[in-house]
Amino acid sequence: MPYFLCRLATEDGRYLAQSFLASSAEDCRKHFEGEGFCVLSIHMDWKKRSTPSLPFEKKIKDKDFIMFNQELVALLRAGYPILKSLELISGRAKNVHLKELLQKIEADVRSGKALSESFVPYEKEFSKVYTAALMAGEQSGNLPGTIGRYLDYAKVIAHTKARIRSALLYPTVLIVFALILMAILVNFILPRFAGFYADFGAQLPGVTRVLISLATGLRTATPVLLVGVVILVLVLARMKKKERVLLALDKLKLKVPYFRRIRLETAISLFSRTLSLLIEAGITLLPGLPIACQAIPNKFLMKQTRHIPDDIRNGGSLSDSLGRTGFFTPLATDMIRIGENSANLHGMLKEVADVYDQRIQIRIDTFVSLIEPVIIIFMGLLVALMLLAVYLPIFNIIQIQR
């Protein structure tokens, strides 16, 4: 959406100039006239002309979405109507994509739609879990309380994602640094040694020759490799749009030995926490199950849960149906069975999610503690190889001089 520069007049005769993001000049005029301003002129604000957005700029960050909901809960509890709350929040939103969506939602609410109904077209950005929670809050008459429970859910999910990213950051930085150091040595330092060493009419040591040959081969193959990488990325981007390819990729991810267990436990945790939230918000089991299944990040595992709603309709229990998926553990199904028998299903589902979140954290910590010595050993071998490649020619030169 473009920005419009509006010249406004107030009731006491003051003139204002304000830049406003809107889908059209007419929407901009309606907005300011609704706030009691006299609109003198509206034209495109070319200083804030938007450039085409990159794919990552179209995403709404978890922290922005959580902040939006925190502000919305605070305003609703303070007695503000939904429409006025959306106007205030969208006016302060810094994420341009979030601001655009909130303005569209605000227009839908102004036209008479419910808040949950206004969010439905944007479920890819906000998730079906959120729209379902809004619907439950509207039906129960406790929208701030329901959004508050969703906030607790969203914070746990965001914290888990951040924890995984931070755990992988350290080994990634070390590996990248080692590769950069190796590239500098092979491309800039060793070639100079080769020319210097050739002046003495001696042959370079084997280690140094191998590294120089590797550098020469990489420099020669770089254009071909770059073209190959670009073609591979384009092919993968097109193939990822096909459901069959996504299923195959997610099934392949489950074959990675150590991370297979992390992915399975993540699926159990997300399913259980999502279904617990929906039941606690007032959504019954059958409507909540498809939404909870969609919270599973692995599409192959999600496919294994398609039979669950039919099993429940035919009189089966949730625990038995989950046991037939093939990835729910006996511990998880036993805990859910206890929740069913004690009429505390949502509480026990939350307990299941907490248990498996702790297991995931332990596995991540174990992985980091194991990968650190491996990387240190790799770095040590790399440094030793570099030292040999650099110092062996020097020692040979000294022997030749003698």
# chains A, B, ... in the order shown; residues from 1 in each chain; ligands from 1
$ residues_around --residues "stretch 158-166 of chain A" --least-positions-apart "5" --cutoff "12 Å" --atoms "only C-alpha atoms" --output "number ranges by chain"
A: 61-66, 151-153, 171-173, 259, 262-263, 266, 269-270, 353-354, 356-365, 367-368
$ residues_around --residues "A:Asp108" --least-positions-apart "3" --cutoff "12 Å" --atoms "only C-alpha atoms" --output "VMD selection string"
chain A and resid 82 to 83 86 101 to 105 111 to 121
$ residues_around --residues "A:Ile283" --least-positions-apart "2" --cutoff "12 Å" --atoms "only C-alpha atoms" --output "number ranges by chain"
A: 129, 131-140, 146, 274-281, 285-292, 346
$ write_last_selection --atoms "N, CA and C atoms" --output "mmCIF file, in the first residue's frame"
data_model
loop_
_atom_site.group_PDB
_atom_site.id
_atom_site.type_symbol
_atom_site.label_atom_id
_atom_site.label_comp_id
_atom_site.auth_asym_id
_atom_site.auth_seq_id
_atom_site.Cartn_x
_atom_site.Cartn_y
_atom_site.Cartn_z
ATOM 1 N N VAL A 129 -5.020 -21.260 14.470
ATOM 2 C CA VAL A 129 -5.164 -21.333 15.924
ATOM 3 C C VAL A 129 -5.613 -19.980 16.470
ATOM 4 N N THR A 131 -7.223 -17.463 14.825
ATOM 5 C CA THR A 131 -8.609 -17.133 14.438
ATOM 6 C C THR A 131 -9.611 -17.981 15.218
ATOM 7 N N ALA A 132 -9.271 -19.229 15.495
ATOM 8 C CA ALA A 132 -10.154 -20.086 16.295
ATOM 9 C C ALA A 132 -10.259 -19.564 17.723
ATOM 10 N N ALA A 133 -9.147 -19.097 18.274
ATOM 11 C CA ALA A 133 -9.174 -18.534 19.627
ATOM 12 C C ALA A 133 -10.024 -17.266 19.678
ATOM 13 N N LEU A 134 -9.912 -16.419 18.648
ATOM 14 C CA LEU A 134 -10.740 -15.213 18.592
ATOM 15 C C LEU A 134 -12.219 -15.569 18.532
ATOM 16 N N MET A 135 -12.553 -16.567 17.712
ATOM 17 C CA MET A 135 -13.953 -16.991 17.589
ATOM 18 C C MET A 135 -14.486 -17.505 18.928
ATOM 19 N N ALA A 136 -13.671 -18.286 19.621
ATOM 20 C CA ALA A 136 -14.087 -18.807 20.924
ATOM 21 C C ALA A 136 -14.267 -17.678 21.926
ATOM 22 N N GLY A 137 -13.382 -16.688 21.875
ATOM 23 C CA GLY A 137 -13.496 -15.544 22.786
ATOM 24 C C GLY A 137 -14.735 -14.725 22.533
ATOM 25 N N GLU A 138 -15.092 -14.552 21.268
ATOM 26 C CA GLU A 138 -16.314 -13.816 20.935
ATOM 27 C C GLU A 138 -17.562 -14.578 21.388
ATOM 28 N N GLN A 139 -17.558 -15.883 21.206
ATOM 29 C CA GLN A 139 -18.715 -16.692 21.598
ATOM 30 C C GLN A 139 -18.898 -16.751 23.106
ATOM 31 N N SER A 140 -17.768 -16.762 23.843
ATOM 32 C CA SER A 140 -17.855 -16.846 25.303
ATOM 33 C C SER A 140 -18.029 -15.478 25.960
ATOM 34 N N THR A 146 -9.389 -14.807 26.405
ATOM 35 C CA THR A 146 -8.998 -15.798 25.403
ATOM 36 C C THR A 146 -7.717 -15.377 24.686
ATOM 37 N N THR A 274 -1.615 -26.882 21.346
ATOM 38 C CA THR A 274 -2.647 -26.215 20.547
ATOM 39 C C THR A 274 -4.036 -26.714 20.916
ATOM 40 N N LEU A 275 -4.199 -28.028 21.020
ATOM 41 C CA LEU A 275 -5.516 -28.582 21.372
ATOM 42 C C LEU A 275 -5.918 -28.163 22.787
ATOM 43 N N SER A 276 -4.960 -28.092 23.698
ATOM 44 C CA SER A 276 -5.245 -27.633 25.060
ATOM 45 C C SER A 276 -5.762 -26.198 25.053
ATOM 46 N N LEU A 277 -5.110 -25.337 24.271
ATOM 47 C CA LEU A 277 -5.543 -23.940 24.182
ATOM 48 C C LEU A 277 -6.961 -23.835 23.636
ATOM 49 N N LEU A 278 -7.255 -24.588 22.575
ATOM 50 C CA LEU A 278 -8.573 -24.504 21.935
ATOM 51 C C LEU A 278 -9.675 -25.008 22.868
ATOM 52 N N ILE A 279 -9.414 -26.119 23.558
ATOM 53 C CA ILE A 279 -10.427 -26.653 24.480
ATOM 54 C C ILE A 279 -10.643 -25.684 25.647
ATOM 55 N N GLU A 280 -9.560 -25.129 26.161
ATOM 56 C CA GLU A 280 -9.675 -24.180 27.271
ATOM 57 C C GLU A 280 -10.417 -22.921 26.836
ATOM 58 N N ALA A 281 -10.277 -22.536 25.555
ATOM 59 C CA ALA A 281 -10.971 -21.349 25.046
ATOM 60 C C ALA A 281 -12.452 -21.594 24.790
ATOM 61 N N LEU A 285 -13.974 -30.653 21.179
ATOM 62 C CA LEU A 285 -12.882 -31.499 20.694
ATOM 63 C C LEU A 285 -12.903 -31.675 19.178
ATOM 64 N N LEU A 286 -14.055 -32.004 18.612
ATOM 65 C CA LEU A 286 -14.098 -32.305 17.172
ATOM 66 C C LEU A 286 -13.704 -31.119 16.295
ATOM 67 N N PRO A 287 -14.259 -29.901 16.534
ATOM 68 C CA PRO A 287 -13.797 -28.765 15.710
ATOM 69 C C PRO A 287 -12.341 -28.389 15.976
ATOM 70 N N GLY A 288 -11.841 -28.670 17.172
ATOM 71 C CA GLY A 288 -10.478 -28.276 17.504
ATOM 72 C C GLY A 288 -9.417 -29.198 16.943
ATOM 73 N N LEU A 289 -9.777 -30.469 16.706
ATOM 74 C CA LEU A 289 -8.784 -31.444 16.247
ATOM 75 C C LEU A 289 -8.131 -31.084 14.910
ATOM 76 N N PRO A 290 -8.888 -30.723 13.865
ATOM 77 C CA PRO A 290 -8.219 -30.376 12.590
ATOM 78 C C PRO A 290 -7.263 -29.202 12.728
ATOM 79 N N ILE A 291 -7.615 -28.229 13.576
ATOM 80 C CA ILE A 291 -6.740 -27.068 13.775
ATOM 81 C C ILE A 291 -5.470 -27.496 14.498
ATOM 82 N N ALA A 292 -5.621 -28.346 15.524
ATOM 83 C CA ALA A 292 -4.456 -28.826 16.262
ATOM 84 C C ALA A 292 -3.543 -29.662 15.369
ATOM 85 N N HIS A 346 -7.861 -30.779 28.790
ATOM 86 C CA HIS A 346 -7.013 -29.641 28.410
ATOM 87 C C HIS A 346 -5.833 -29.479 29.364
#
$ residues_around --residues "stretch 297-309 of chain A" --least-positions-apart "3" --cutoff "8 Å" --atoms "only C-alpha atoms" --output "JSON, numbers by chain"
{"A": [246, 247, 248, 250, 251, 263, 267, 286, 289, 290, 293, 294, 312, 313, 318, 321, 322, 325, 326, 327]}
$ write_last_selection --atoms "N, CA, C and O atoms" --output "mmCIF file, in the first residue's frame"
data_model
loop_
_atom_site.group_PDB
_atom_site.id
_atom_site.type_symbol
_atom_site.label_atom_id
_atom_site.label_comp_id
_atom_site.auth_asym_id
_atom_site.auth_seq_id
_atom_site.Cartn_x
_atom_site.Cartn_y
_atom_site.Cartn_z
ATOM 1 N N LEU A 246 6.729 -31.742 -0.841
ATOM 2 C CA LEU A 246 6.827 -31.347 0.558
ATOM 3 C C LEU A 246 6.716 -32.560 1.477
ATOM 4 O O LEU A 246 7.441 -32.674 2.480
ATOM 5 N N LEU A 247 5.789 -33.465 1.150
ATOM 6 C CA LEU A 247 5.647 -34.688 1.949
ATOM 7 C C LEU A 247 6.926 -35.524 1.908
ATOM 8 O O LEU A 247 7.372 -36.052 2.937
ATOM 9 N N ALA A 248 7.510 -35.650 0.712
ATOM 10 C CA ALA A 248 8.739 -36.444 0.570
ATOM 11 C C ALA A 248 9.897 -35.815 1.352
ATOM 12 O O ALA A 248 10.672 -36.522 2.009
ATOM 13 N N ASP A 250 9.670 -33.793 4.016
ATOM 14 C CA ASP A 250 9.431 -33.937 5.451
ATOM 15 C C ASP A 250 9.646 -35.378 5.910
ATOM 16 O O ASP A 250 10.110 -35.622 7.032
ATOM 17 N N LYS A 251 9.319 -36.332 5.056
ATOM 18 C CA LYS A 251 9.579 -37.736 5.395
ATOM 19 C C LYS A 251 11.085 -37.992 5.448
ATOM 20 O O LYS A 251 11.573 -38.737 6.318
ATOM 21 N N ARG A 263 12.136 -33.922 16.140
ATOM 22 C CA ARG A 263 10.986 -33.571 15.297
ATOM 23 C C ARG A 263 9.717 -34.271 15.785
ATOM 24 O O ARG A 263 8.635 -33.674 15.791
ATOM 25 N N ALA A 267 6.382 -32.344 17.300
ATOM 26 C CA ALA A 267 5.028 -32.560 16.787
ATOM 27 C C ALA A 267 4.059 -32.875 17.931
ATOM 28 O O ALA A 267 2.942 -32.336 17.987
ATOM 29 N N LEU A 286 -14.055 -32.004 18.612
ATOM 30 C CA LEU A 286 -14.098 -32.305 17.172
ATOM 31 C C LEU A 286 -13.704 -31.119 16.295
ATOM 32 O O LEU A 286 -12.891 -31.271 15.380
ATOM 33 N N LEU A 289 -9.777 -30.469 16.706
ATOM 34 C CA LEU A 289 -8.784 -31.444 16.247
ATOM 35 C C LEU A 289 -8.131 -31.084 14.910
ATOM 36 O O LEU A 289 -6.897 -31.148 14.789
ATOM 37 N N PRO A 290 -8.888 -30.723 13.865
ATOM 38 C CA PRO A 290 -8.219 -30.376 12.590
ATOM 39 C C PRO A 290 -7.263 -29.202 12.728
ATOM 40 O O PRO A 290 -6.202 -29.179 12.091
ATOM 41 N N CYS A 293 -4.135 -30.441 14.477
ATOM 42 C CA CYS A 293 -3.319 -31.246 13.546
ATOM 43 C C CYS A 293 -2.504 -30.357 12.617
ATOM 44 O O CYS A 293 -1.362 -30.682 12.273
ATOM 45 N N GLN A 294 -3.089 -29.229 12.206
ATOM 46 C CA GLN A 294 -2.365 -28.320 11.313
ATOM 47 C C GLN A 294 -1.222 -27.598 12.009
ATOM 48 O O GLN A 294 -0.358 -27.017 11.350
ATOM 49 N N ILE A 312 -12.981 -40.261 16.431
ATOM 50 C CA ILE A 312 -13.741 -39.666 17.535
ATOM 51 C C ILE A 312 -15.237 -39.696 17.211
ATOM 52 O O ILE A 312 -16.077 -39.995 18.075
ATOM 53 N N ARG A 313 -15.600 -39.413 15.948
ATOM 54 C CA ARG A 313 -17.027 -39.451 15.556
ATOM 55 C C ARG A 313 -17.596 -40.860 15.693
ATOM 56 O O ARG A 313 -18.786 -41.029 15.995
ATOM 57 N N LEU A 318 -9.635 -40.354 22.206
ATOM 58 C CA LEU A 318 -8.542 -39.575 21.629
ATOM 59 C C LEU A 318 -7.207 -40.278 21.842
ATOM 60 O O LEU A 318 -6.374 -40.330 20.930
ATOM 61 N N SER A 321 -6.769 -43.217 19.438
ATOM 62 C CA SER A 321 -6.596 -42.729 18.068
ATOM 63 C C SER A 321 -5.198 -42.151 17.862
ATOM 64 O O SER A 321 -4.566 -42.376 16.827
ATOM 65 N N LEU A 322 -4.699 -41.416 18.860
ATOM 66 C CA LEU A 322 -3.342 -40.864 18.762
ATOM 67 C C LEU A 322 -2.289 -41.973 18.766
ATOM 68 O O LEU A 322 -1.259 -41.861 18.100
ATOM 69 N N THR A 325 -1.366 -43.268 15.348
ATOM 70 C CA THR A 325 -0.658 -42.411 14.384
ATOM 71 C C THR A 325 0.761 -42.919 14.121
ATOM 72 O O THR A 325 1.337 -42.628 13.075
ATOM 73 N N GLY A 326 1.338 -43.641 15.092
ATOM 74 C CA GLY A 326 2.676 -44.180 14.898
ATOM 75 C C GLY A 326 3.783 -43.325 15.451
ATOM 76 O O GLY A 326 4.935 -43.772 15.514
ATOM 77 N N PHE A 327 3.485 -42.066 15.859
ATOM 78 C CA PHE A 327 4.565 -41.243 16.412
ATOM 79 C C PHE A 327 4.252 -40.725 17.812
ATOM 80 O O PHE A 327 5.144 -40.201 18.487
#
$ select_by_dssp --residues "stretch 197-288 of chain A" --states "alpha helix (DSSP H)" --output "PyMOL selection string"
chain A and resi 197-198+206-239+243-253+257-281+285-288
$ closest_atom_pairs --of "stretch 91-203 of chain A" --to "stretch 370-373 of chain A" --cutoff "10 Å" --atoms "only C-alpha atoms" --output "tab-separated table"
residue	atom	partner	partner_atom	distance
A:Leu168	CA	A:Ile371	CA	9.7
A:Tyr170	CA	A:Glu372	CA	8.5
A:Pro171	CA	A:Glu372	CA	6.8
A:Leu174	CA	A:Glu372	CA	9.3
$ write_last_selection --atoms "C-alpha atoms" --output "mmCIF file, in the first residue's frame"
data_model
loop_
_atom_site.group_PDB
_atom_site.id
_atom_site.type_symbol
_atom_site.label_atom_id
_atom_site.label_comp_id
_atom_site.auth_asym_id
_atom_site.auth_seq_id
_atom_site.Cartn_x
_atom_site.Cartn_y
_atom_site.Cartn_z
ATOM 1 C CA LEU A 168 22.532 -23.686 16.442
ATOM 2 C CA TYR A 170 27.378 -21.000 17.983
ATOM 3 C CA PRO A 171 28.412 -24.045 15.897
ATOM 4 C CA LEU A 174 32.476 -21.397 14.220
#
$ atom_distance --atom1 "atom CA of A:Val256" --atom2 "atom CA of A:Ser369"
18.7 Å
$ closest_residue --among "A:Leu249, A:Met182, A:Arg260, A:Ile175" --to "A:Ile377" --atoms "only C-alpha atoms"
A:Ile175
$ atom_distance --atom1 "atom CA of A:Ala25" --atom2 "atom CA of A:Glu71"
28.0 Å
$ closest_residue --among "A:Ala107, A:Ile268, A:Ile231, A:Ile296" --to "A:Leu331" --atoms "only C-alpha atoms"
A:Ile268
